[in-house]
file run18.cif (mmCIF, C-alpha atoms)
data_run
loop_
_atom_site.group_PDB
_atom_site.id
_atom_site.type_symbol
_atom_site.label_atom_id
_atom_site.label_comp_id
_atom_site.auth_asym_id
_atom_site.auth_seq_id
_atom_site.Cartn_x
_atom_site.Cartn_y
_atom_site.Cartn_z
ATOM 1 C CA MET A 27 21.852 46.030 19.584
ATOM 2 C CA LYS A 28 21.926 46.110 15.760
ATOM 3 C CA THR A 29 20.461 42.617 15.655
ATOM 4 C CA ILE A 30 17.559 43.545 17.938
ATOM 5 C CA LEU A 31 16.812 46.651 15.861
ATOM 6 C CA ASN A 32 16.995 44.632 12.643
ATOM 7 C CA VAL A 33 14.598 41.969 13.955
ATOM 8 C CA ILE A 34 12.062 44.596 15.040
ATOM 9 C CA TRP A 35 12.539 46.382 11.695
ATOM 10 C CA LEU A 36 12.002 43.100 9.842
ATOM 11 C CA VAL A 37 8.677 42.530 11.584
ATOM 12 C CA LEU A 38 7.379 46.108 11.334
ATOM 13 C CA SER A 39 8.366 47.080 7.803
ATOM 14 C CA GLY A 40 11.469 45.381 6.431
ATOM 15 C CA PHE A 41 9.782 42.301 5.019
ATOM 16 C CA TRP A 42 7.096 44.273 3.158
ATOM 17 C CA LEU A 43 9.622 46.739 1.765
ATOM 18 C CA PHE A 44 11.815 43.844 0.679
ATOM 19 C CA LEU A 45 8.861 42.326 -1.191
ATOM 20 C CA ALA A 46 8.253 45.678 -2.953
ATOM 21 C CA TYR A 47 11.896 45.860 -4.049
ATOM 22 C CA LEU A 48 11.789 42.217 -5.106
ATOM 23 C CA ALA A 49 8.679 42.831 -7.231
ATOM 24 C CA ALA A 50 10.277 45.905 -8.812
ATOM 25 C CA GLY A 51 13.454 43.924 -9.533
ATOM 26 C CA VAL A 52 11.592 41.063 -11.180
ATOM 27 C CA LEU A 53 9.557 43.458 -13.336
ATOM 28 C CA LEU A 54 12.667 45.373 -14.344
ATOM 29 C CA CYS A 55 14.585 42.187 -15.206
ATOM 30 C CA ILE A 56 11.977 41.145 -17.759
ATOM 31 C CA THR A 57 13.750 43.208 -20.409
ATOM 32 C CA ILE A 58 17.461 43.079 -21.121
ATOM 33 C CA ILE A 59 17.763 46.845 -20.740
ATOM 34 C CA GLY A 60 16.173 46.698 -17.284
ATOM 35 C CA ILE A 61 18.545 44.083 -15.829
ATOM 36 C CA PRO A 62 20.970 46.615 -14.253
ATOM 37 C CA PHE A 63 17.995 48.320 -12.627
ATOM 38 C CA GLY A 64 16.659 44.983 -11.404
ATOM 39 C CA ILE A 65 20.023 44.159 -9.853
ATOM 40 C CA ALA A 66 20.042 47.563 -8.136
ATOM 41 C CA SER A 67 16.547 46.843 -6.845
ATOM 42 C CA PHE A 68 17.629 43.490 -5.395
ATOM 43 C CA ARG A 69 20.665 45.128 -3.767
ATOM 44 C CA ILE A 70 18.593 47.869 -2.139
ATOM 45 C CA GLY A 71 15.920 45.339 -1.180
ATOM 46 C CA ALA A 72 18.504 43.395 0.819
ATOM 47 C CA TYR A 73 19.534 46.664 2.461
ATOM 48 C CA ALA A 74 15.897 47.511 3.261
ATOM 49 C CA LEU A 75 15.432 44.040 4.750
ATOM 50 C CA TRP A 76 18.316 44.367 7.266
ATOM 51 C CA PRO A 77 19.478 48.050 7.346
ATOM 52 C CA PHE A 78 20.949 48.578 10.805
ATOM 53 C CA GLY A 79 24.719 48.207 10.833
ATOM 54 C CA ARG A 80 25.045 49.272 7.196
ATOM 55 C CA THR A 81 25.035 52.584 5.364
ATOM 56 C CA THR A 82 25.387 53.897 1.835
ATOM 57 C CA THR A 83 28.261 55.876 0.372
ATOM 58 C CA GLU A 84 28.763 57.558 -2.972
ATOM 59 C CA ARG A 85 30.955 55.785 -5.484
ATOM 60 C CA ARG A 86 33.538 58.176 -6.859
ATOM 61 C CA ASP A 87 33.913 56.187 -10.050
ATOM 62 C CA ALA A 88 30.213 56.578 -10.961
ATOM 63 C CA GLY A 89 29.826 58.994 -13.812
ATOM 64 C CA ALA A 90 27.305 60.123 -16.376
ATOM 65 C CA PRO A 91 25.833 56.645 -17.009
ATOM 66 C CA SER A 92 24.749 56.363 -13.370
ATOM 67 C CA CYS A 93 23.198 59.842 -13.567
ATOM 68 C CA ILE A 94 21.207 58.876 -16.660
ATOM 69 C CA GLY A 95 20.347 55.559 -15.051
ATOM 70 C CA ASN A 96 19.066 57.336 -11.944
ATOM 71 C CA VAL A 97 16.700 59.414 -14.071
ATOM 72 C CA LEU A 98 15.356 56.246 -15.699
ATOM 73 C CA TRP A 99 15.143 54.528 -12.297
ATOM 74 C CA LEU A 100 13.190 57.464 -10.875
ATOM 75 C CA VAL A 101 10.629 57.184 -13.665
ATOM 76 C CA LEU A 102 10.386 53.381 -13.688
ATOM 77 C CA ALA A 103 10.431 52.382 -10.025
ATOM 78 C CA GLY A 104 11.992 54.979 -7.743
ATOM 79 C CA TRP A 105 8.994 57.182 -7.117
ATOM 80 C CA TRP A 106 6.651 54.405 -5.972
ATOM 81 C CA LEU A 107 9.312 52.721 -3.831
ATOM 82 C CA ALA A 108 9.982 56.097 -2.208
ATOM 83 C CA MET A 109 6.239 56.465 -1.601
ATOM 84 C CA ALA A 110 6.260 53.058 0.110
ATOM 85 C CA HIS A 111 8.961 54.382 2.458
ATOM 86 C CA VAL A 112 6.975 57.577 3.107
ATOM 87 C CA VAL A 113 3.746 55.712 3.892
ATOM 88 C CA THR A 114 5.521 53.154 6.075
ATOM 89 C CA GLY A 115 7.484 55.875 7.856
ATOM 90 C CA VAL A 116 4.361 57.904 8.622
ATOM 91 C CA LEU A 117 2.505 54.835 9.890
ATOM 92 C CA LEU A 118 5.435 53.884 12.127
ATOM 93 C CA CYS A 119 5.742 57.429 13.495
ATOM 94 C CA VAL A 120 2.161 57.253 14.769
ATOM 95 C CA THR A 121 3.320 54.977 17.577
ATOM 96 C CA ILE A 122 5.958 55.943 20.125
ATOM 97 C CA ILE A 123 7.939 52.725 19.665
ATOM 98 C CA GLY A 124 7.841 53.073 15.871
ATOM 99 C CA ILE A 125 9.318 56.586 15.690
ATOM 100 C CA PRO A 126 12.972 55.463 15.294
ATOM 101 C CA PHE A 127 11.911 53.003 12.616
ATOM 102 C CA GLY A 128 9.863 55.675 10.858
ATOM 103 C CA ILE A 129 12.910 57.931 10.824
ATOM 104 C CA ALA A 130 14.970 55.050 9.415
ATOM 105 C CA ASN A 131 12.373 54.716 6.648
ATOM 106 C CA PHE A 132 12.720 58.402 5.830
ATOM 107 C CA LYS A 133 16.510 57.960 5.628
ATOM 108 C CA LEU A 134 16.037 55.243 3.002
ATOM 109 C CA ILE A 135 14.083 57.555 0.670
ATOM 110 C CA PRO A 136 17.140 59.112 -1.070
ATOM 111 C CA VAL A 137 18.560 55.643 -1.757
ATOM 112 C CA SER A 138 15.243 54.451 -3.160
ATOM 113 C CA LEU A 139 15.002 57.500 -5.422
ATOM 114 C CA LEU A 140 18.565 57.555 -6.780
ATOM 115 C CA PRO A 141 20.338 54.227 -6.102
ATOM 116 C CA LEU A 142 22.885 54.109 -8.897
ATOM 117 C CA GLY A 143 26.300 55.479 -8.018
ATOM 118 C CA ARG A 144 25.940 54.396 -4.390
ATOM 119 C CA GLU A 145 27.177 51.322 -2.592
ATOM 120 C CA ILE A 146 26.127 49.711 0.664
ATOM 121 C CA VAL A 147 28.914 49.272 3.219
ATOM 122 C CA PRO A 148 29.048 48.204 6.871
ATOM 123 C CA THR A 149 28.955 51.108 9.337
ATOM 124 C CA ASP A 150 32.253 49.868 10.762
ATOM 125 C CA GLU A 151 33.849 50.753 7.419
ATOM 126 C CA PRO A 152 32.161 53.943 6.116
ATOM 127 C CA PHE A 153 34.480 54.261 3.122
ATOM 128 C CA SER A 154 34.702 51.857 0.263
ATOM 129 C CA SER A 155 37.570 49.403 0.325
ATOM 130 C CA ARG A 156 38.519 50.673 -3.133
ATOM 131 C CA TRP A 157 39.514 54.113 -1.818
#

call {"tool": "encode", "arguments": {"input": "run18.cif", "output": "structure tokens"}}
result
Amino acid sequence: MKTILNVIWLVLSGFWLFLAYLAAGVLLCITIIGIPFGIASFRIGAYALWPFGRTTTERRDAGAPSCIGNVLWLVLAGWWLAMAHVVTGVLLCVTIIGIPFGIANFKLIPVSLLPLGREIVPTDEPFSSRW
């Protein structure tokens, strides 16, 4: 079932969201300071491309640097990536078949706003293997 949902997601919104994250990652990697943010963008882009069967959890070892990084991320790329999820989610919710995918888009907004200090894990294993 996860595969079917992921294929439909890929066609309806996953590919375009992935391209947005890819563009943000490339732009952020232009400077040396932006490389960690670019890597985070690539990681979340892969999650946005194929989200069903995976979830995000908080990393307990993330501290003040990830908090500061999230503020910078929000200013640099987070707000417009979150807007892409809002617009895509609203457009998908217009159709009956798209409602679950629109809701999935809305669930990705917190990750797109504040990605640092979170990790993506399979839903079979909701806790990090480090804990």

call {"tool": "atom_distance", "arguments": {"input": "run18.cif", "atom1": "CA of Leu102 (chain A)", "atom2": "CA of Phe78 (chain A)"}}
result
27.1 Å

call {"tool": "resolve_selection", "arguments": {"input": "run18.cif", "expression": "the PyMOL selection byres ((chain A and resi 92) around 12)", "output": "MDAnalysis selection string"}}
result
chainID A and resid 62:63 66 84:91 93:100 140:144

call {"tool": "resolve_selection", "arguments": {"input": "run18.cif", "expression": "the PyMOL selection byres ((chain A and resi 123-132) around 9)", "output": "list of chain:residue names"}}
result
A:Leu31, A:Ile34, A:Trp35, A:Leu38, A:Ser39, A:Ala74, A:Pro77, A:Phe78, A:Ala108, A:His111, A:Val112, A:Thr114, A:Gly115, A:Val116, A:Leu117, A:Leu118, A:Cys119, A:Val120, A:Thr121, A:Ile122, A:Lys133, A:Leu134, A:Ile135, A:Pro136

call {"tool": "resolve_selection", "arguments": {"input": "run18.cif", "expression": "the PyMOL selection byres ((chain A and resi 52) around 12)", "output": "list in words"}}
result
Leu45, Ala46, Tyr47, Leu48, Ala49, Ala50, Gly51, Leu53, Leu54, Cys55, Ile56, Thr57, Ile58, Gly60, Ile61, Pro62, Phe63, Gly64, Ile65, Ala66, Ser67, Phe68, Gly71 and Ala103 of chain A

call {"tool": "closest_residue", "arguments": {"input": "run18.cif", "among": "A:Met109, A:Ala72, A:Leu43, A:Val37", "to": "Ile146 (chain A)", "atoms": "only C-alpha atoms"}}
result
A:Ala72

call {"tool": "atom_distance", "arguments": {"input": "run18.cif", "atom1": "CA of Arg80 (chain A)", "atom2": "CA of Glu145 (chain A)"}}
result
10.2 Å

call {"tool": "closest_residue", "arguments": {"input": "run18.cif", "among": "A:Ala110, A:Lys28, A:Trp105, A:Val33", "to": "Pro148 (chain A)", "atoms": "all atoms listed in the file"}}
result
A:Lys28

call {"tool": "closest_residue", "arguments": {"input": "run18.cif", "among": "A:Ile59, A:Ser138, A:Thr82, A:Val101", "to": "Phe44 (chain A)", "atoms": "only C-alpha atoms"}}
result
A:Ser138

call {"tool": "atom_distance", "arguments": {"input": "run18.cif", "atom1": "CA of Phe41 (chain A)", "atom2": "CA of Thr81 (chain A)"}}
result
18.4 Å

call {"tool": "decode", "arguments": {"input": "run18.cif", "residues": "region 29-70 of chain A", "atoms": "N, CA and C atoms", "output": "PDB file, in the first residue's frame"}}
result
ATOM      1  N   THR A  29       3.719   1.671  -1.342  1.00  0.00           N
ATOM      2  CA  THR A  29       4.271   1.895  -2.679  1.00  0.00           C
ATOM      3  C   THR A  29       3.258   2.573  -3.588  1.00  0.00           C
ATOM      4  N   ILE A  30       2.006   2.132  -3.522  1.00  0.00           N
ATOM      5  CA  ILE A  30       0.955   2.745  -4.343  1.00  0.00           C
ATOM      6  C   ILE A  30       0.775   4.208  -3.955  1.00  0.00           C
ATOM      7  N   LEU A  31       0.727   4.485  -2.653  1.00  0.00           N
ATOM      8  CA  LEU A  31       0.585   5.871  -2.197  1.00  0.00           C
ATOM      9  C   LEU A  31       1.781   6.719  -2.629  1.00  0.00           C
ATOM     10  N   ASN A  32       2.975   6.154  -2.545  1.00  0.00           N
ATOM     11  CA  ASN A  32       4.167   6.902  -2.952  1.00  0.00           C
ATOM     12  C   ASN A  32       4.184   7.192  -4.443  1.00  0.00           C
ATOM     13  N   VAL A  33       3.722   6.254  -5.262  1.00  0.00           N
ATOM     14  CA  VAL A  33       3.694   6.484  -6.716  1.00  0.00           C
ATOM     15  C   VAL A  33       2.687   7.581  -7.055  1.00  0.00           C
ATOM     16  N   ILE A  34       1.512   7.528  -6.445  1.00  0.00           N
ATOM     17  CA  ILE A  34       0.513   8.581  -6.682  1.00  0.00           C
ATOM     18  C   ILE A  34       1.044   9.928  -6.193  1.00  0.00           C
ATOM     19  N   TRP A  35       1.674   9.919  -5.010  1.00  0.00           N
ATOM     20  CA  TRP A  35       2.270  11.140  -4.453  1.00  0.00           C
ATOM     21  C   TRP A  35       3.325  11.698  -5.406  1.00  0.00           C
ATOM     22  N   LEU A  36       4.163  10.824  -5.946  1.00  0.00           N
ATOM     23  CA  LEU A  36       5.223  11.237  -6.854  1.00  0.00           C
ATOM     24  C   LEU A  36       4.652  11.967  -8.062  1.00  0.00           C
ATOM     25  N   VAL A  37       3.565  11.450  -8.599  1.00  0.00           N
ATOM     26  CA  VAL A  37       2.956  12.053  -9.787  1.00  0.00           C
ATOM     27  C   VAL A  37       2.265  13.377  -9.443  1.00  0.00           C
ATOM     28  N   LEU A  38       1.539  13.409  -8.322  1.00  0.00           N
ATOM     29  CA  LEU A  38       0.744  14.594  -7.998  1.00  0.00           C
ATOM     30  C   LEU A  38       1.567  15.756  -7.443  1.00  0.00           C
ATOM     31  N   SER A  39       2.530  15.469  -6.572  1.00  0.00           N
ATOM     32  CA  SER A  39       3.268  16.589  -5.990  1.00  0.00           C
ATOM     33  C   SER A  39       4.707  16.284  -5.607  1.00  0.00           C
ATOM     34  N   GLY A  40       5.059  15.045  -5.420  1.00  0.00           N
ATOM     35  CA  GLY A  40       6.384  14.705  -4.920  1.00  0.00           C
ATOM     36  C   GLY A  40       7.524  15.160  -5.799  1.00  0.00           C
ATOM     37  N   PHE A  41       7.380  14.991  -7.109  1.00  0.00           N
ATOM     38  CA  PHE A  41       8.462  15.358  -8.016  1.00  0.00           C
ATOM     39  C   PHE A  41       8.714  16.860  -7.995  1.00  0.00           C
ATOM     40  N   TRP A  42       7.651  17.664  -7.992  1.00  0.00           N
ATOM     41  CA  TRP A  42       7.804  19.117  -8.017  1.00  0.00           C
ATOM     42  C   TRP A  42       8.369  19.633  -6.698  1.00  0.00           C
ATOM     43  N   LEU A  43       7.936  19.027  -5.592  1.00  0.00           N
ATOM     44  CA  LEU A  43       8.493  19.416  -4.297  1.00  0.00           C
ATOM     45  C   LEU A  43       9.963  19.026  -4.207  1.00  0.00           C
ATOM     46  N   PHE A  44      10.297  17.859  -4.733  1.00  0.00           N
ATOM     47  CA  PHE A  44      11.688  17.427  -4.752  1.00  0.00           C
ATOM     48  C   PHE A  44      12.545  18.421  -5.537  1.00  0.00           C
ATOM     49  N   LEU A  45      12.048  18.881  -6.673  1.00  0.00           N
ATOM     50  CA  LEU A  45      12.800  19.862  -7.466  1.00  0.00           C
ATOM     51  C   LEU A  45      12.995  21.167  -6.697  1.00  0.00           C
ATOM     52  N   ALA A  46      11.985  21.591  -5.917  1.00  0.00           N
ATOM     53  CA  ALA A  46      12.114  22.806  -5.106  1.00  0.00           C
ATOM     54  C   ALA A  46      13.189  22.625  -4.038  1.00  0.00           C
ATOM     55  N   TYR A  47      13.182  21.475  -3.363  1.00  0.00           N
ATOM     56  CA  TYR A  47      14.219  21.211  -2.363  1.00  0.00           C
ATOM     57  C   TYR A  47      15.595  21.092  -3.007  1.00  0.00           C
ATOM     58  N   LEU A  48      15.659  20.500  -4.172  1.00  0.00           N
ATOM     59  CA  LEU A  48      16.925  20.372  -4.888  1.00  0.00           C
ATOM     60  C   LEU A  48      17.475  21.752  -5.257  1.00  0.00           C
ATOM     61  N   ALA A  49      16.608  22.630  -5.759  1.00  0.00           N
ATOM     62  CA  ALA A  49      17.032  23.987  -6.108  1.00  0.00           C
ATOM     63  C   ALA A  49      17.507  24.742  -4.868  1.00  0.00           C
ATOM     64  N   ALA A  50      16.782  24.607  -3.769  1.00  0.00           N
ATOM     65  CA  ALA A  50      17.188  25.268  -2.526  1.00  0.00           C
ATOM     66  C   ALA A  50      18.533  24.721  -2.058  1.00  0.00           C
ATOM     67  N   GLY A  51      18.729  23.405  -2.150  1.00  0.00           N
ATOM     68  CA  GLY A  51      19.990  22.807  -1.732  1.00  0.00           C
ATOM     69  C   GLY A  51      21.166  23.268  -2.561  1.00  0.00           C
ATOM     70  N   VAL A  52      20.980  23.355  -3.858  1.00  0.00           N
ATOM     71  CA  VAL A  52      22.063  23.814  -4.741  1.00  0.00           C
ATOM     72  C   VAL A  52      22.406  25.269  -4.436  1.00  0.00           C
ATOM     73  N   LEU A  53      21.388  26.109  -4.265  1.00  0.00           N
ATOM     74  CA  LEU A  53      21.647  27.519  -3.949  1.00  0.00           C
ATOM     75  C   LEU A  53      22.347  27.670  -2.605  1.00  0.00           C
ATOM     76  N   LEU A  54      21.950  26.854  -1.633  1.00  0.00           N
ATOM     77  CA  LEU A  54      22.560  26.960  -0.314  1.00  0.00           C
ATOM     78  C   LEU A  54      23.984  26.419  -0.305  1.00  0.00           C
ATOM     79  N   CYS A  55      24.297  25.469  -1.159  1.00  0.00           N
ATOM     80  CA  CYS A  55      25.637  24.884  -1.204  1.00  0.00           C
ATOM     81  C   CYS A  55      26.648  25.752  -1.939  1.00  0.00           C
ATOM     82  N   ILE A  56      26.220  26.850  -2.508  1.00  0.00           N
ATOM     83  CA  ILE A  56      27.142  27.728  -3.218  1.00  0.00           C
ATOM     84  C   ILE A  56      28.187  28.294  -2.257  1.00  0.00           C
ATOM     85  N   THR A  57      27.764  28.627  -1.045  1.00  0.00           N
ATOM     86  CA  THR A  57      28.713  29.131  -0.057  1.00  0.00           C
ATOM     87  C   THR A  57      29.116  28.004   0.891  1.00  0.00           C
ATOM     88  N   ILE A  58      30.247  28.137   1.490  1.00  0.00           N
ATOM     89  CA  ILE A  58      30.719  27.115   2.435  1.00  0.00           C
ATOM     90  C   ILE A  58      29.827  27.087   3.671  1.00  0.00           C
ATOM     91  N   ILE A  59      29.384  28.232   4.119  1.00  0.00           N
ATOM     92  CA  ILE A  59      28.533  28.304   5.303  1.00  0.00           C
ATOM     93  C   ILE A  59      27.189  27.634   5.052  1.00  0.00           C
ATOM     94  N   GLY A  60      26.707  27.663   3.821  1.00  0.00           N
ATOM     95  CA  GLY A  60      25.398  27.103   3.509  1.00  0.00           C
ATOM     96  C   GLY A  60      25.379  25.609   3.252  1.00  0.00           C
ATOM     97  N   ILE A  61      26.543  24.955   3.233  1.00  0.00           N
ATOM     98  CA  ILE A  61      26.588  23.524   2.908  1.00  0.00           C
ATOM     99  C   ILE A  61      25.752  22.666   3.870  1.00  0.00           C
ATOM    100  N   PRO A  62      25.819  22.875   5.189  1.00  0.00           N
ATOM    101  CA  PRO A  62      24.958  22.055   6.064  1.00  0.00           C
ATOM    102  C   PRO A  62      23.471  22.233   5.766  1.00  0.00           C
ATOM    103  N   PHE A  63      23.089  23.448   5.388  1.00  0.00           N
ATOM    104  CA  PHE A  63      21.694  23.699   5.036  1.00  0.00           C
ATOM    105  C   PHE A  63      21.336  23.033   3.711  1.00  0.00           C
ATOM    106  N   GLY A  64      22.271  23.039   2.775  1.00  0.00           N
ATOM    107  CA  GLY A  64      22.048  22.359   1.502  1.00  0.00           C
ATOM    108  C   GLY A  64      21.884  20.862   1.691  1.00  0.00           C
ATOM    109  N   ILE A  65      22.699  20.274   2.557  1.00  0.00           N
ATOM    110  CA  ILE A  65      22.583  18.849   2.843  1.00  0.00           C
ATOM    111  C   ILE A  65      21.230  18.543   3.481  1.00  0.00           C
ATOM    112  N   ALA A  66      20.792  19.405   4.403  1.00  0.00           N
ATOM    113  CA  ALA A  66      19.472  19.228   5.015  1.00  0.00           C
ATOM    114  C   ALA A  66      18.378  19.331   3.956  1.00  0.00           C
ATOM    115  N   SER A  67      18.547  20.231   3.010  1.00  0.00           N
ATOM    116  CA  SER A  67      17.563  20.373   1.942  1.00  0.00           C
ATOM    117  C   SER A  67      17.496  19.126   1.074  1.00  0.00           C
ATOM    118  N   PHE A  68      18.647  18.548   0.744  1.00  0.00           N
ATOM    119  CA  PHE A  68      18.664  17.316  -0.047  1.00  0.00           C
ATOM    120  C   PHE A  68      18.008  16.168   0.716  1.00  0.00           C
ATOM    121  N   ARG A  69      18.268  16.099   2.021  1.00  0.00           N
ATOM    122  CA  ARG A  69      17.703  15.032   2.853  1.00  0.00           C
ATOM    123  C   ARG A  69      16.177  15.143   2.909  1.00  0.00           C
ATOM    124  N   ILE A  70      15.670  16.350   3.105  1.00  0.00           N
ATOM    125  CA  ILE A  70      14.225  16.536   3.176  1.00  0.00           C
ATOM    126  C   ILE A  70      13.598  16.390   1.793  1.00  0.00           C
TER     127      ILE A  70
END
